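For reference, protein_23.txt is printed below; it contains compact mmCIF, C-alpha atoms.
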```
# COMPACT_ATOMS: atom_id res chain seq x y z
CA MET A 6 121.91 126.01 145.14
CA LYS A 7 119.89 122.91 145.99
CA ASN A 8 116.87 124.43 144.26
CA ILE A 9 118.82 125.00 141.06
CA ILE A 10 119.99 121.39 141.01
CA LEU A 11 116.45 120.13 141.61
CA VAL A 12 115.08 122.35 138.85
CA PHE A 13 117.81 121.13 136.49
CA ILE A 14 117.04 117.48 137.31
CA VAL A 15 113.30 117.99 136.77
CA PHE A 16 114.03 119.81 133.51
CA CYS A 17 116.27 116.97 132.29
CA LEU A 18 113.70 114.34 133.24
CA THR A 19 111.02 116.25 131.37
CA ILE A 20 113.16 116.50 128.25
CA PHE A 21 114.11 112.80 128.36
CA SER A 22 110.53 111.68 128.93
CA ALA A 23 109.35 113.81 125.99
CA TYR A 24 112.09 112.34 123.80
CA PHE A 25 111.14 108.82 124.88
CA MET A 26 107.45 109.46 124.15
CA ILE A 27 108.23 110.80 120.67
CA THR A 28 110.45 107.87 119.71
CA THR A 29 107.94 105.34 121.07
CA ASP A 30 105.07 106.91 119.13
CA SER A 31 106.98 106.92 115.87
CA GLU A 32 107.91 103.24 116.30
CA GLN A 33 104.26 102.33 116.84
CA GLU A 34 103.24 104.31 113.77
CA ASP A 35 105.89 102.49 111.75
CA LYS A 36 104.51 99.18 112.97
CA LYS A 37 100.98 100.25 112.05
CA ASP A 38 102.15 101.33 108.61
CA SER A 39 103.84 98.00 107.99
CA LYS A 40 100.75 96.12 109.19
CA GLN A 41 98.58 98.25 106.95
CA GLU A 42 100.85 97.59 103.99
CA LYS A 43 100.66 93.86 104.63
CA THR A 44 96.87 93.92 104.76
CA GLU A 45 96.74 95.97 101.56
CA GLN A 46 99.03 93.49 99.83
CA ALA A 47 96.90 90.59 101.04
CA SER A 48 93.72 92.25 99.80
CA GLU A 49 95.34 92.94 96.42
CA LYS A 50 96.33 89.29 96.10
CA LYS A 51 92.83 88.22 97.04
CA GLU A 52 91.31 90.55 94.45
CA LYS A 53 93.67 89.21 91.77
CA THR A 54 92.74 85.60 92.53
CA GLN A 55 89.04 86.47 92.50
CA LYS A 56 89.43 88.17 89.13
CA LYS A 57 91.23 85.10 87.79
CA GLU A 58 88.47 82.85 89.11
CA GLU A 59 85.83 85.09 87.55
CA LYS A 60 87.60 84.87 84.21
CA GLU A 61 87.75 81.09 84.54
CA LEU A 62 83.99 80.89 85.10
CA ASP A 63 82.74 80.16 81.63
CA ILE A 64 79.13 79.24 82.26
CA LYS A 65 77.09 78.41 79.18
CA THR A 66 74.73 75.72 80.45
CA GLN A 67 73.17 74.57 83.67
CA LYS A 68 75.57 71.62 83.67
CA ASP A 69 78.57 73.98 83.78
CA LEU A 70 77.00 75.79 86.71
CA SER A 71 76.26 72.58 88.60
CA GLU A 72 79.89 71.48 88.23
CA ILE A 73 81.07 74.71 89.83
CA ILE A 74 78.40 74.73 92.55
CA TYR A 75 79.15 71.17 93.66
CA SER A 76 82.93 71.53 93.42
CA LYS A 77 85.26 72.26 96.34
CA LYS A 78 85.71 75.91 95.41
CA ASP A 79 85.13 78.66 97.95
CA GLU A 80 81.67 80.09 98.58
CA GLN A 81 82.42 83.42 96.91
CA THR A 82 83.38 81.72 93.65
CA LYS A 83 80.22 79.64 93.74
CA MET A 84 78.05 82.71 94.33
CA ASN A 85 79.80 84.55 91.52
CA ALA A 86 79.07 81.64 89.20
CA TYR A 87 75.45 81.54 90.36
CA ASN A 88 74.98 85.28 89.78
CA GLU A 89 76.61 85.02 86.36
CA ALA A 90 74.20 82.25 85.40
CA ILE A 91 71.28 84.40 86.50
CA ASP A 92 72.58 87.33 84.48
CA LYS A 93 72.86 85.12 81.40
CA GLY A 94 69.31 83.81 81.94
CA ILE A 95 70.29 80.19 82.46
CA ILE A 96 68.32 79.83 85.70
CA PRO A 97 65.81 82.04 87.55
CA ARG A 98 66.80 83.95 90.68
CA SER A 99 65.92 82.28 93.97
CA ASN A 100 65.02 83.93 97.26
CA ASN A 101 67.56 81.83 99.15
CA TYR A 102 70.94 83.50 99.69
CA GLN A 103 72.37 81.53 102.58
CA GLU A 104 74.62 79.36 100.45
CA ALA A 105 75.21 79.02 96.75
CA VAL A 106 74.20 75.35 96.77
CA TYR A 107 70.81 76.09 98.33
CA ALA A 108 70.22 79.03 96.01
CA TYR A 109 71.11 76.90 92.98
CA GLU A 110 68.86 74.02 94.04
CA GLU A 111 65.93 76.37 94.65
CA SER A 112 66.48 78.03 91.29
CA VAL A 113 66.47 74.64 89.54
CA TRP A 114 63.32 73.71 91.42
CA MET A 115 61.70 77.02 90.38
CA GLY A 116 62.77 76.46 86.78
CA ASN A 117 61.13 73.03 86.65
```
Let me see whether you can do it: turn the structure in this file into structure tokens.
Amino acid sequence: MKNIILVFIVFCLTIFSAYFMITTDSEQEDKKDSKQEKTEQASEKKEKTQKKEEKELDIKTQKDLSEIIYSKKDEQTKMNAYNEAIDKGIIPRSNNYQEAVYAYEESVWMGN
């Protein structure tokens, strides 16, 4: 009789531990999904703002480019403006890609 009780207790503990493991795993997956959704939303917002900034970059002369390069905009916007100016043929491409300001200054130097 004692053996049956012990077997029953071990069986119950096994079932409860399996149930606990399943519920814990699903909660962690839910947390991961919500974190992943948040990062996706943040990346979508970032892409939208970058697209807006790219549309705002209307570079026709070297003066327009210099205003963007020396402004307080982020580095990605400055590099986008620099690359757009190169594509339009306003300035030559430089070998310096550390920062947009250095690349711009070297391109102006090469152009002169």
- Task: Tell me, in Å to one decimal, how far CA of Ser76 in chain A is from CA of Glu89 in chain A.
- Result: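 Spanning CA of Ser76 in chain A to CA of Glu89 in chain A is a straight-line distance of 16.5 Å.
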- Item | Close residues, Asn101 in chain A itself excluded, 10 Å, only C-alpha atoms, min 4 positions apart in chain, as a list in words |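 Selected residues are Ala105, Val106, Tyr107, Ala108, Tyr109, Glu110, Glu111 and Ser112 of chain A.
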As a PDB file with C-alpha atoms, in the coordinates of the input, please: the residues near Lys83 in chain A (cut-off 9 Å, all atoms listed in the file, same-chain neighbours under 5 positions excluded).
```pdb
ATOM      1  CA  LEU A  70      77.000  75.790  86.710  1.00  0.00           C
ATOM      2  CA  ILE A  73      81.070  74.710  89.830  1.00  0.00           C
ATOM      3  CA  ILE A  74      78.400  74.730  92.550  1.00  0.00           C
ATOM      4  CA  TYR A  75      79.150  71.170  93.660  1.00  0.00           C
ATOM      5  CA  SER A  76      82.930  71.530  93.420  1.00  0.00           C
ATOM      6  CA  LYS A  78      85.710  75.910  95.410  1.00  0.00           C
ATOM      7  CA  ASN A  88      74.980  85.280  89.780  1.00  0.00           C
ATOM      8  CA  GLU A 104      74.620  79.360 100.450  1.00  0.00           C
ATOM      9  CA  ALA A 105      75.210  79.020  96.750  1.00  0.00           C
ATOM     10  CA  VAL A 106      74.200  75.350  96.770  1.00  0.00           C
TER      11      VAL A 106
END
```
- Item | Atomic distance CA of Met84 in chain A - CA of Val113 in chain A, expressed in Å with one decimal | 14.9 Å
- How many Å separate CA of Thr82 in chain A from CA of Thr66 in chain A?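 Spanning CA of Thr82 in chain A to CA of Thr66 in chain A is a straight-line distance of 16.9 Å.
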- Message: My list of candidates is A:Gln103, A:Gln81, A:Ser71, A:Thr28. Which is closest to Glu52 in chain A when distances are computed with all atoms listed in the file?
- Response: A:Gln81
- May I ask which of the residues A:Phe21, A:Ser99, A:Asp69, A:Lys43 is the closest one to Ala86 in chain A, counting only C-alpha atoms?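 Residue with the minimum atom-to-atom distance to Ala86 in chain A: A:Asp69.
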